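This is my_file13.tsv. It holds TSV, C-alpha atoms.
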```
chain	number	residue	atom	x	y	z
A	1	MET	CA	-16.50	107.54	-92.37
A	2	GLY	CA	-17.40	104.23	-93.96
A	3	GLU	CA	-14.06	102.45	-93.51
A	4	LYS	CA	-14.21	98.71	-92.99
A	5	ARG	CA	-11.99	96.65	-90.70
A	6	LYS	CA	-11.81	92.88	-90.44
A	7	ILE	CA	-9.71	90.95	-87.92
A	8	THR	CA	-8.80	87.29	-88.22
A	9	TYR	CA	-6.71	85.01	-86.01
A	10	ASP	CA	-4.52	82.07	-87.01
A	11	LYS	CA	-4.64	79.49	-84.21
A	12	LYS	CA	-1.51	77.74	-85.48
A	13	THR	CA	0.77	80.77	-85.58
A	14	GLY	CA	-0.91	83.10	-83.06
A	15	ILE	CA	-0.88	85.90	-85.65
A	16	TYR	CA	-3.72	88.39	-85.90
A	17	THR	CA	-4.38	89.94	-89.30
A	18	ILE	CA	-6.21	93.26	-89.57
A	19	THR	CA	-7.56	94.02	-93.02
A	20	ALA	CA	-8.56	97.67	-93.43
A	21	ASP	CA	-9.48	99.91	-96.34
A	22	ARG	CA	-8.76	103.15	-94.50
A	23	GLU	CA	-6.06	105.15	-96.29
A	24	ASP	CA	-4.34	106.09	-93.02
A	25	PHE	CA	-4.63	103.13	-90.66
A	26	ARG	CA	-4.28	104.71	-87.24
A	27	ILE	CA	-2.41	103.19	-84.30
A	28	LEU	CA	-2.61	104.98	-80.97
A	29	GLN	CA	0.21	104.18	-78.56
A	30	LEU	CA	-0.68	104.47	-74.89
A	31	THR	CA	1.96	103.77	-72.29
A	32	ASP	CA	2.61	103.66	-68.55
A	33	ILE	CA	-1.03	103.92	-67.52
A	34	HIS	CA	-0.10	102.60	-64.05
A	35	LEU	CA	-3.41	101.72	-62.48
A	36	GLY	CA	-2.95	101.54	-58.70
A	37	GLY	CA	-6.19	99.85	-57.67
A	38	THR	CA	-6.70	101.02	-54.06
A	39	ILE	CA	-8.79	103.65	-52.30
A	40	PHE	CA	-5.65	105.79	-52.15
A	41	THR	CA	-5.33	105.82	-55.95
A	42	ALA	CA	-9.02	105.60	-56.93
A	43	ARG	CA	-9.36	109.23	-58.00
A	44	ARG	CA	-6.14	109.18	-60.03
A	45	ASP	CA	-7.02	105.79	-61.55
A	46	ARG	CA	-10.25	107.36	-62.81
A	47	LYS	CA	-8.26	110.24	-64.27
A	48	ALA	CA	-6.01	107.75	-66.09
A	49	ILE	CA	-9.01	105.98	-67.63
A	50	TYR	CA	-10.62	109.33	-68.50
A	51	ALA	CA	-7.39	110.40	-70.22
A	52	CYS	CA	-7.22	107.18	-72.26
A	53	ASP	CA	-10.87	107.53	-73.25
A	54	LYS	CA	-10.48	111.14	-74.32
A	55	LEU	CA	-7.39	110.40	-76.39
A	56	ILE	CA	-9.05	107.43	-78.08
A	57	ARG	CA	-12.25	109.26	-78.93
A	58	TYR	CA	-10.33	112.32	-80.17
A	59	THR	CA	-7.95	110.41	-82.48
A	60	LYS	CA	-10.37	107.68	-83.64
A	61	PRO	CA	-7.70	104.95	-83.98
A	62	ASP	CA	-8.10	101.59	-85.68
A	63	LEU	CA	-5.88	99.94	-83.07
A	64	VAL	CA	-4.56	100.85	-79.63
A	65	VAL	CA	-1.18	99.48	-78.53
A	66	VAL	CA	-0.36	99.68	-74.81
A	67	THR	CA	3.41	99.53	-74.42
A	68	GLY	CA	3.63	98.25	-70.88
A	69	ASP	CA	3.09	99.16	-67.25
A	70	LEU	CA	-0.66	99.03	-67.48
A	71	THR	CA	-0.66	98.23	-63.75
A	72	TYR	CA	1.52	98.98	-60.74
A	73	PRO	CA	1.37	96.05	-58.29
A	74	MET	CA	4.18	97.36	-56.10
A	75	ARG	CA	5.18	97.17	-52.45
A	76	GLY	CA	3.28	99.12	-49.83
A	77	LEU	CA	-0.33	99.77	-48.90
A	78	LYS	CA	-0.83	102.46	-51.53
A	79	TYR	CA	-0.97	100.04	-54.46
A	80	SER	CA	-2.92	96.86	-55.05
A	81	TYR	CA	-1.34	93.50	-55.83
A	82	ASN	CA	-4.63	92.49	-57.46
A	83	THR	CA	-3.56	92.54	-61.11
A	84	THR	CA	-6.65	90.48	-61.99
A	85	LYS	CA	-8.96	93.31	-61.00
A	86	LEU	CA	-6.82	96.00	-62.62
A	87	VAL	CA	-6.43	94.26	-65.98
A	88	ARG	CA	-10.11	93.28	-66.13
A	89	ARG	CA	-11.09	96.88	-65.44
A	90	PHE	CA	-9.00	98.19	-68.32
A	91	ALA	CA	-10.13	95.40	-70.66
A	92	SER	CA	-13.76	96.23	-69.87
A	93	PHE	CA	-13.11	99.90	-70.58
A	94	MET	CA	-11.47	99.09	-73.90
A	95	TRP	CA	-14.32	96.77	-74.89
A	96	HIS	CA	-16.72	99.66	-74.46
A	97	THR	CA	-14.63	101.96	-76.65
A	98	GLY	CA	-15.17	99.56	-79.54
A	99	VAL	CA	-11.49	99.76	-80.55
A	100	PRO	CA	-9.29	96.63	-80.66
A	101	TRP	CA	-6.13	96.78	-78.58
A	102	ALA	CA	-2.86	94.96	-78.10
A	103	PHE	CA	-0.47	94.83	-75.18
A	104	THR	CA	3.23	94.36	-74.55
A	105	TYR	CA	4.50	93.88	-71.02
A	106	GLY	CA	6.32	96.46	-68.93
A	107	ASN	CA	8.64	95.79	-66.03
A	108	HIS	CA	5.90	96.52	-63.47
A	109	ASP	CA	3.09	94.38	-64.89
A	110	THR	CA	4.44	91.18	-63.35
A	111	GLU	CA	6.04	92.46	-60.17
A	112	LYS	CA	6.97	89.93	-57.48
A	113	GLY	CA	4.09	89.82	-55.00
A	114	ALA	CA	1.35	90.44	-57.57
A	115	ILE	CA	-1.60	88.04	-57.28
A	116	LEU	CA	-0.98	86.74	-60.80
A	117	SER	CA	2.34	85.18	-61.76
A	118	PRO	CA	3.67	86.03	-65.24
A	119	GLU	CA	2.17	82.78	-66.55
A	120	GLY	CA	-1.07	83.46	-64.70
A	121	LEU	CA	-1.35	86.91	-66.26
A	122	HIS	CA	-0.64	85.42	-69.67
A	123	GLN	CA	-3.44	82.90	-69.22
A	124	MET	CA	-5.87	85.56	-68.06
A	125	LEU	CA	-5.09	87.84	-71.00
A	126	ALA	CA	-5.50	84.88	-73.37
A	127	LEU	CA	-8.90	84.15	-71.82
A	128	LEU	CA	-9.96	87.79	-72.12
A	129	ALA	CA	-9.02	87.71	-75.79
A	130	GLY	CA	-10.51	84.28	-76.37
A	131	ARG	CA	-13.97	85.09	-75.09
A	132	GLY	CA	-14.80	86.14	-78.64
A	133	GLY	CA	-13.36	82.96	-80.12
A	134	TRP	CA	-9.97	84.31	-81.34
A	135	GLY	CA	-11.21	85.92	-84.48
A	136	ARG	CA	-14.14	88.08	-83.43
A	137	HIS	CA	-12.05	90.95	-82.17
A	138	GLU	CA	-13.21	94.07	-83.94
A	139	LYS	CA	-13.44	95.63	-80.47
A	140	GLY	CA	-11.46	93.36	-78.18
A	141	LEU	CA	-8.00	92.40	-77.00
A	142	LEU	CA	-5.68	90.99	-79.67
A	143	TYR	CA	-3.64	88.68	-77.48
A	144	PRO	CA	-2.70	85.23	-78.79
A	145	LYS	CA	-3.10	82.00	-76.91
A	146	GLU	CA	-0.08	80.61	-78.74
A	147	LYS	CA	3.28	82.31	-78.26
A	148	PRO	CA	6.71	81.74	-79.80
A	149	GLU	CA	8.95	79.40	-77.80
A	150	ILE	CA	11.49	82.12	-77.05
A	151	TYR	CA	12.47	84.30	-74.13
A	152	GLY	CA	9.86	86.71	-72.79
A	153	ARG	CA	6.34	86.76	-71.44
A	154	MET	CA	4.83	87.46	-74.88
A	155	ASN	CA	6.30	88.28	-78.26
A	156	GLN	CA	3.68	88.91	-80.91
A	157	LEU	CA	3.24	89.74	-84.58
A	158	ILE	CA	0.18	91.57	-85.91
A	159	GLU	CA	-0.24	92.02	-89.65
A	160	VAL	CA	-2.03	95.03	-91.13
A	161	ARG	CA	-3.13	94.33	-94.70
A	162	ASN	CA	-4.86	96.23	-97.47
A	163	PRO	CA	-8.13	94.91	-98.98
A	164	ASP	CA	-6.15	93.32	-101.84
A	165	GLY	CA	-4.20	91.24	-99.31
A	166	LYS	CA	-0.96	93.21	-99.63
A	167	LEU	CA	0.86	93.64	-96.34
A	168	ARG	CA	0.72	97.27	-95.30
A	169	GLN	CA	2.59	97.06	-91.99
A	170	ALA	CA	3.96	94.31	-89.76
A	171	LEU	CA	3.67	95.20	-86.07
A	172	PHE	CA	6.13	93.47	-83.73
A	173	LEU	CA	5.29	93.62	-80.02
A	174	ILE	CA	8.52	92.49	-78.37
A	175	ASP	CA	8.90	91.92	-74.64
A	176	SER	CA	11.75	93.97	-73.18
A	177	ASN	CA	11.33	91.79	-70.07
A	178	ALA	CA	11.58	93.07	-66.51
A	179	TYR	CA	14.69	92.52	-64.36
A	180	THR	CA	17.78	90.36	-64.69
A	181	SER	CA	17.59	89.88	-60.91
A	182	GLU	CA	14.96	90.74	-58.31
A	183	LYS	CA	17.77	91.49	-55.88
A	184	THR	CA	19.57	94.07	-58.02
A	185	ARG	CA	16.46	95.26	-59.92
A	186	GLU	CA	18.67	95.72	-62.97
A	187	TYR	CA	16.59	96.16	-66.11
A	188	ASP	CA	16.51	93.23	-68.49
A	189	TYR	CA	16.83	93.47	-72.27
A	190	ILE	CA	15.58	91.90	-75.51
A	191	HIS	CA	17.41	88.58	-75.81
A	192	ASP	CA	19.09	87.02	-78.83
A	193	ASP	CA	16.42	84.39	-79.45
A	194	GLN	CA	13.79	87.14	-79.51
A	195	VAL	CA	15.87	88.98	-82.10
A	196	ASP	CA	16.25	85.78	-84.12
A	197	TRP	CA	12.45	85.34	-84.09
A	198	TYR	CA	11.99	88.92	-85.29
A	199	ARG	CA	14.56	88.44	-88.06
A	200	ASN	CA	13.02	85.18	-89.22
A	201	GLU	CA	9.51	86.66	-89.32
A	202	VAL	CA	10.69	89.65	-91.36
A	203	LEU	CA	12.50	87.37	-93.80
A	204	ARG	CA	9.45	85.11	-94.07
A	205	LEU	CA	7.21	88.08	-94.85
A	206	ASN	CA	9.76	89.43	-97.35
A	207	ALA	CA	9.72	86.10	-99.17
A	208	GLU	CA	5.93	85.92	-99.19
A	209	GLU	CA	5.53	89.51	-100.42
A	210	GLY	CA	8.48	89.52	-102.83
A	211	ARG	CA	9.85	92.73	-101.35
A	212	THR	CA	11.23	94.21	-98.16
A	213	VAL	CA	8.16	94.72	-96.02
A	214	SER	CA	7.55	97.72	-93.80
A	215	SER	CA	7.42	97.06	-90.06
A	216	LEU	CA	7.26	98.75	-86.66
A	217	ILE	CA	8.44	97.57	-83.24
A	218	PHE	CA	6.65	98.24	-79.95
A	219	THR	CA	8.38	97.50	-76.65
A	220	HIS	CA	8.59	98.97	-73.15
A	221	ILE	CA	12.16	99.60	-71.98
A	222	PRO	CA	14.17	101.73	-74.43
A	223	LEU	CA	17.09	100.17	-76.30
A	224	GLN	CA	20.56	101.51	-75.59
A	225	GLN	CA	20.42	103.29	-78.95
A	226	TYR	CA	17.85	105.69	-77.45
A	227	LYS	CA	20.62	106.91	-75.14
A	228	THR	CA	23.17	107.00	-77.95
A	229	ALA	CA	20.85	109.07	-80.12
A	230	PHE	CA	19.95	111.43	-77.26
A	231	ASP	CA	23.60	112.00	-76.38
A	232	LEU	CA	24.33	112.81	-80.03
A	233	TYR	CA	21.34	115.17	-80.09
A	234	LYS	CA	22.67	117.05	-77.04
A	235	GLU	CA	26.02	117.39	-78.76
A	236	GLY	CA	24.34	118.91	-81.82
A	237	SER	CA	25.42	116.03	-84.04
A	238	ASP	CA	24.07	115.72	-87.57
A	239	GLU	CA	23.96	111.93	-87.06
A	240	VAL	CA	20.48	112.31	-85.60
A	241	LYS	CA	17.36	114.11	-86.77
A	242	TYR	CA	15.03	115.68	-84.22
A	243	PHE	CA	11.28	115.52	-84.83
A	244	PHE	CA	9.49	116.49	-81.62
A	245	GLY	CA	9.27	116.11	-77.87
A	246	PHE	CA	11.51	116.45	-74.84
A	247	ASN	CA	13.37	114.20	-72.42
A	248	GLU	CA	13.03	115.43	-68.87
A	249	GLU	CA	13.62	112.37	-66.70
A	250	LYS	CA	15.71	113.28	-63.67
A	251	LYS	CA	17.40	109.90	-63.34
A	252	VAL	CA	21.04	109.38	-64.30
A	253	GLY	CA	21.50	109.93	-68.02
A	254	LYS	CA	17.77	110.58	-68.44
A	255	ILE	CA	17.45	107.35	-70.47
A	256	CYS	CA	16.63	104.35	-68.27
A	257	CYS	CA	17.72	101.53	-70.55
A	258	SER	CA	19.23	98.18	-69.66
A	259	PRO	CA	22.99	98.04	-69.05
A	260	ASN	CA	22.95	94.89	-71.18
A	261	PRO	CA	23.11	95.45	-74.95
A	262	SER	CA	20.59	93.94	-77.32
A	263	THR	CA	21.27	93.09	-80.95
A	264	LEU	CA	17.76	94.17	-81.99
A	265	PHE	CA	18.63	97.62	-83.31
A	266	ASP	CA	21.56	96.45	-85.44
A	267	THR	CA	19.46	93.60	-86.78
A	268	ALA	CA	16.63	95.98	-87.65
A	269	LYS	CA	19.09	98.30	-89.39
A	270	ASP	CA	20.58	95.44	-91.42
A	271	LEU	CA	17.15	94.11	-92.47
A	272	GLY	CA	15.93	97.54	-93.60
A	273	SER	CA	12.32	96.71	-92.76
A	274	THR	CA	11.62	98.51	-89.49
A	275	LYS	CA	11.08	102.25	-89.88
A	276	GLY	CA	10.17	102.99	-86.27
A	277	ILE	CA	10.60	101.69	-82.71
A	278	PHE	CA	8.22	102.84	-79.96
A	279	CYS	CA	8.75	102.48	-76.22
A	280	GLY	CA	7.58	103.87	-72.87
A	281	HIS	CA	9.10	103.39	-69.41
A	282	ASP	CA	10.53	106.89	-68.84
A	283	HIS	CA	7.49	108.94	-67.91
A	284	TYR	CA	8.94	112.38	-68.59
A	285	ASN	CA	10.56	111.42	-71.90
A	286	ASN	CA	8.66	111.72	-75.17
A	287	MET	CA	11.28	112.73	-77.71
A	288	SER	CA	11.35	111.32	-81.24
A	289	LEU	CA	14.72	111.11	-83.01
A	290	GLU	CA	15.86	109.39	-86.19
A	291	TYR	CA	19.12	107.51	-85.80
A	292	GLU	CA	20.75	105.44	-88.54
A	293	GLY	CA	17.53	105.43	-90.55
A	294	ILE	CA	15.18	104.33	-87.75
A	295	ARG	CA	12.78	106.56	-85.80
A	296	LEU	CA	13.22	106.07	-82.06
A	297	THR	CA	10.13	107.43	-80.34
A	298	TYR	CA	9.10	107.61	-76.72
A	299	GLY	CA	5.34	107.48	-76.21
A	300	MET	CA	3.77	110.16	-74.03
A	301	SER	CA	2.87	108.64	-70.66
A	302	ILE	CA	-0.48	108.55	-68.83
A	303	ASP	CA	0.81	108.01	-65.26
A	304	TYR	CA	-0.99	109.82	-62.45
A	305	VAL	CA	0.30	107.82	-59.48
A	306	VAL	CA	3.90	106.59	-59.67
A	307	MET	CA	6.24	109.51	-60.15
A	308	HIS	CA	6.25	112.02	-57.30
A	309	ARG	CA	3.59	114.71	-57.85
A	310	ILE	CA	3.19	113.72	-61.50
A	311	ALA	CA	-0.61	114.03	-61.21
A	312	ARG	CA	-0.14	117.80	-60.96
A	313	LYS	CA	1.94	117.99	-64.13
A	314	THR	CA	0.42	117.98	-67.58
A	315	ARG	CA	2.74	118.60	-70.51
A	316	GLN	CA	4.21	115.07	-70.52
A	317	ARG	CA	0.79	113.36	-70.56
A	318	GLY	CA	-0.81	112.17	-73.78
A	319	ALA	CA	-0.45	109.57	-76.53
A	320	THR	CA	1.34	108.95	-79.81
A	321	LEU	CA	-0.60	108.61	-83.08
A	322	ILE	CA	0.96	106.60	-85.90
A	323	ARG	CA	-0.62	106.75	-89.34
A	324	CYS	CA	0.24	103.83	-91.64
A	325	ASN	CA	-0.62	104.60	-95.24
A	326	GLN	CA	-1.59	101.97	-97.80
A	327	GLY	CA	1.73	102.31	-99.61
A	328	GLY	CA	3.67	101.44	-96.45
A	329	SER	CA	4.78	104.92	-95.40
A	330	MET	CA	4.00	106.24	-91.93
A	331	SER	CA	3.79	109.46	-89.98
A	332	ILE	CA	4.03	110.01	-86.23
A	333	GLU	CA	2.28	112.70	-84.20
A	334	GLN	CA	2.22	113.54	-80.53
A	335	ILE	CA	-1.23	114.07	-79.02
A	336	PRO	CA	-0.78	115.91	-75.70
A	337	LEU	CA	-3.84	115.56	-73.51
A	338	THR	CA	-3.82	119.34	-73.09
A	339	SER	CA	-4.15	119.78	-76.88
A	340	ILE	CA	-7.68	118.33	-76.88
A	341	PRO	CA	-10.21	121.18	-76.81
A	342	GLU	CA	-11.77	121.86	-73.42
A	343	ASP	CA	-15.26	121.59	-74.89
A	344	PHE	CA	-14.58	118.04	-76.19
A	345	PRO	CA	-17.38	115.75	-74.89
A	346	GLU	CA	-16.78	114.27	-71.45
A	347	PHE	CA	-16.12	110.62	-70.76
A	348	SER	CA	-19.38	108.63	-70.68
A	349	ILE	CA	-18.54	104.93	-71.07
A	350	ILE	CA	-18.30	103.60	-67.48
```
Produce structure tokens that represent the structure in this file.
Amino acid sequence: MGEKRKITYDKKTGIYTITADREDFRILQLTDIHLGGTIFTARRDRKAIYACDKLIRYTKPDLVVVTGDLTYPMRGLKYSYNTTKLVRRFASFMWHTGVPWAFTYGNHDTEKGAILSPEGLHQMLALLAGRGGWGRHEKGLLYPKEKPEIYGRMNQLIEVRNPDGKLRQALFLIDSNAYTSEKTREYDYIHDDQVDWYRNEVLRLNAEEGRTVSSLIFTHIPLQQYKTAFDLYKEGSDEVKYFFGFNEEKKVGKICCSPNPSTLFDTAKDLGSTKGIFCGHDHYNNMSLEYEGIRLTYGMSIDYVVMHRIARKTRQRGATLIRCNQGGSMSIEQIPLTSIPEDFPEFSII
């Protein structure tokens, strides 16, 4: 279609800048891919990669954002602890698609017992990104070597700019962390220093641009406001606006958020910059609701191996396509895997 895309990397700040002339810069959110990595999951791992490939080729995104749980290094013989192999496999696949991608951690990506520690996985991802020299990433992983000195395994800012240099969209990839305790397995949350970093970056960009910039947040575990909004939706409240999707998790409350509150949502509301927050984590949830001026969207999951008999189910599987227009507006669309025509060309990369 003739669109041009240039990606640069600032070694001092760890910020990637994508400059694109496409009117609708397209971000494809993939989540909860859950590669298992053993002979017991080999067939379903292939299906997960096939699904990602089909969704990418069908939507033709400018950027893919994986919102956590790329791997599943869990207890038992069924799953592999070899996160090195699993991450390298997905990175190789993405390299062959020719589409740059970014990654925010899920609770399972750094499970206790995995071959790579959280710091080890960070170093490997930085090396995978750095093989092009941190700047030659038109089809690679956009993962910074430098990271903010705040809580979390990686918190990252990616800037999407128009050809004239004007900021189109600021993309915040914020680590929702894993567990507050390995013993209780209680979900962690986005901590105050992470929120302070987000606030300061928005204010910095506002000052540089002379306006309130438009931004999006990508994370893994839903904020408590996802549950608040869903409860209001069930009550028929006019405080929320329904756009699409369904929440069909069977767990208590259907929204598996942390019991610990985060100040991120209230900060985002006060700043007026962030128009949408995108998460994963709950494999059967993919509803999109607007609450207090912010779109709260669950990405459609890929998972073929974790949830019981999920490989046999189809309507929850897919991706989320976000179109960011040059003026700063955005639109969000679900792309169910089943919506792609049956005669769409088969996977042929690896």
| From the set A:Pro148, A:Pro163, A:Gly245, A:Pro118, which residue has the shortest atom-to-atom contact distance to Trp197 of chain A, counting all atoms listed in the file? |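 Nearest to Trp197 of chain A: A:Pro148.
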Determine, for each residue of segment 88-118 of chain A having at least one atom at most 10 Å from an atom of segment 48-58 of chain A, the closest pair of atoms and their separation in Å to one decimal, counting only C-alpha atoms; order by chain and ascending number, as CSV.
```
residue,atom,partner,partner_atom,distance
A:Arg89,CA,A:Ile49,CA,9.6
A:Phe90,CA,A:Ile49,CA,7.8
A:Phe93,CA,A:Ile49,CA,7.9
A:Met94,CA,A:Asp53,CA,8.5
A:His96,CA,A:Asp53,CA,9.9
A:Thr97,CA,A:Asp53,CA,7.5
A:Val99,CA,A:Ile56,CA,8.4
```
Store the residues of this selection in a file with C-alpha atoms, as a JSON list (two decimals), keeping the file's coordinate frame.
```
[["chain", "number", "residue", "atom", "x", "y", "z"],
["A", 89, "ARG", "CA", -11.09, 96.88, -65.44],
["A", 90, "PHE", "CA", -9.00, 98.19, -68.32],
["A", 93, "PHE", "CA", -13.11, 99.90, -70.58],
["A", 94, "MET", "CA", -11.47, 99.09, -73.90],
["A", 96, "HIS", "CA", -16.72, 99.66, -74.46],
["A", 97, "THR", "CA", -14.63, 101.96, -76.65],
["A", 99, "VAL", "CA", -11.49, 99.76, -80.55]]
```
Fewer than 6 positions away in the same chain doesn't count, so skip those; otherwise give me all residues within 12 Å of Asp238 of chain A, counting all atoms listed in the file, as a compact mmCIF listing (two decimals) with C-alpha atoms, keeping the file's coordinate frame.
```txt
# COMPACT_ATOMS: atom_id res chain seq x y z
CA ALA A 229 20.85 109.07 -80.12
CA PHE A 230 19.95 111.43 -77.26
CA ASP A 231 23.60 112.00 -76.38
CA LEU A 232 24.33 112.81 -80.03
CA LEU A 289 14.72 111.11 -83.01
CA GLU A 290 15.86 109.39 -86.19
CA TYR A 291 19.12 107.51 -85.80
CA GLU A 292 20.75 105.44 -88.54
```
| request: Work out how far atom CA of Ile158 of chain A is from atom CA of Ile18 of chain A, in Å to one decimal. | output: 7.6 Å
| Given the choices A:Gly276, A:Gly236, A:Pro144, A:Pro222, which gets closest to Ser262 of chain A if the distance is worked out from all atoms listed in the file? |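 Under the stated criterion, the closest residue is A:Pro222.
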| query | Between A:Ile322, A:Ala178, A:Cys257, A:Ile221, which is the closest to Ile27 of chain A once you count all atoms listed in the file? | reply |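 Once distances to Ile27 of chain A are computed over all atoms listed in the file, the minimum belongs to A:Ile322.
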| Near-Tyr16 of chain A list (7 Å; only C-alpha atoms; drop same-chain fewer than 2 positions) as a PyMOL selection string | chain A and resi 7-10+14+18+158-159
What does the file look like for those residues with C-alpha atoms, as a PDB file, in the coordinates of the input?
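Output (again_14.pdb):
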```pdb
ATOM      1  CA  ILE A   7      -9.710  90.950 -87.920  1.00  0.00           C
ATOM      2  CA  THR A   8      -8.800  87.290 -88.220  1.00  0.00           C
ATOM      3  CA  TYR A   9      -6.710  85.010 -86.010  1.00  0.00           C
ATOM      4  CA  ASP A  10      -4.520  82.070 -87.010  1.00  0.00           C
ATOM      5  CA  GLY A  14      -0.910  83.100 -83.060  1.00  0.00           C
ATOM      6  CA  ILE A  18      -6.210  93.260 -89.570  1.00  0.00           C
ATOM      7  CA  ILE A 158       0.180  91.570 -85.910  1.00  0.00           C
ATOM      8  CA  GLU A 159      -0.240  92.020 -89.650  1.00  0.00           C
TER       9      GLU A 159
END
```
| Separation of atom CA of Lys241 of chain A from atom CA of Leu203 of chain A in Å | 28.1 Å
| query | Taking into account only C-alpha atoms, which residue in the set A:Gln169, A:Thr180, A:Thr67, A:Asn260 is nearest to Phe25 of chain A? | reply | A:Gln169
| field | atom CA of Tyr81 of chain A to atom CA of Glu149 of chain A, distance in Å rounded to a single decimal | value | 28.1 Å
| said: I'd like to know which of A:Lys234, A:Ala129, A:Pro259, A:Asp303 is closest to Arg46 of chain A, using all atoms listed in the file. | reply: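 Residue with the minimum atom-to-atom distance to Arg46 of chain A: A:Asp303.
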| request: For Thr84 of chain A, list every protein, DNA or RNA residue within 12 Å, evaluated using all atoms listed in the file, and leave out those in the same chain fewer than 5 positions away; present the list as a PyMOL selection string. | output: chain A and resi 35+37+70-73+89-91+109-110+114-118+120-125+127-128
| message | Calculated over only C-alpha atoms, which of the candidates A:Gln225, A:Gln29, A:Gln316, A:Asn155 has the smallest distance to Phe265 of chain A? | response | A:Gln225
Residue neighbourhood Ile174 of chain A, 10 Å, all atoms listed in the file, exclusion window fewer than 2 positions, as a compact mmCIF listing (two decimals) with C-alpha atoms, in the coordinates of the input:
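The resulting file, result_9.txt, is reproduced below:
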```txt
# COMPACT_ATOMS: atom_id res chain seq x y z
CA THR A 67 3.41 99.53 -74.42
CA PHE A 103 -0.47 94.83 -75.18
CA THR A 104 3.23 94.36 -74.55
CA TYR A 105 4.50 93.88 -71.02
CA GLY A 152 9.86 86.71 -72.79
CA ARG A 153 6.34 86.76 -71.44
CA MET A 154 4.83 87.46 -74.88
CA ASN A 155 6.30 88.28 -78.26
CA GLN A 156 3.68 88.91 -80.91
CA LEU A 157 3.24 89.74 -84.58
CA LEU A 171 3.67 95.20 -86.07
CA PHE A 172 6.13 93.47 -83.73
CA SER A 176 11.75 93.97 -73.18
CA ASN A 177 11.33 91.79 -70.07
CA ILE A 190 15.58 91.90 -75.51
CA GLN A 194 13.79 87.14 -79.51
CA VAL A 195 15.87 88.98 -82.10
CA TRP A 197 12.45 85.34 -84.09
CA TYR A 198 11.99 88.92 -85.29
CA ILE A 217 8.44 97.57 -83.24
CA PHE A 218 6.65 98.24 -79.95
CA THR A 219 8.38 97.50 -76.65
CA HIS A 220 8.59 98.97 -73.15
```
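Neighbours of segment 273-275 of chain A closer than or equal to 9 Å, with only C-alpha atoms counted and sequence neighbours fewer than 6 positions away skipped, come out as Ala170, Val202, Asn206, Thr212, Val213, Ser214, Ser215, Leu216, Ile217, Gly293, Ile294, Arg295, Leu296, Ser329 and Met330 of chain A.
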| What residues have an atom no more than 6 Å from (14.4, 81.0, -78.0) in the file's own frame, counting only C-alpha atoms, and can you write them as a PyMOL selection string? | chain A and resi 149-151+193
For C-alpha atoms, I'd like the residues from the last selection saved as a JSON list (two decimals), keeping the file's coordinate frame.
```json
[["chain", "number", "residue", "atom", "x", "y", "z"],
["A", 149, "GLU", "CA", 8.95, 79.40, -77.80],
["A", 150, "ILE", "CA", 11.49, 82.12, -77.05],
["A", 151, "TYR", "CA", 12.47, 84.30, -74.13],
["A", 193, "ASP", "CA", 16.42, 84.39, -79.45]]
```
Show me, as JSON, the centre and edge lengths in Å to one decimal of the axis-aligned box that covers every listed atom of segment 45-62 of chain A with 4 Å on each side.
```
{"center_x": -9.1, "center_y": 107.0, "center_z": -73.6, "size_x": 14.2, "size_y": 18.7, "size_z": 32.1}
```
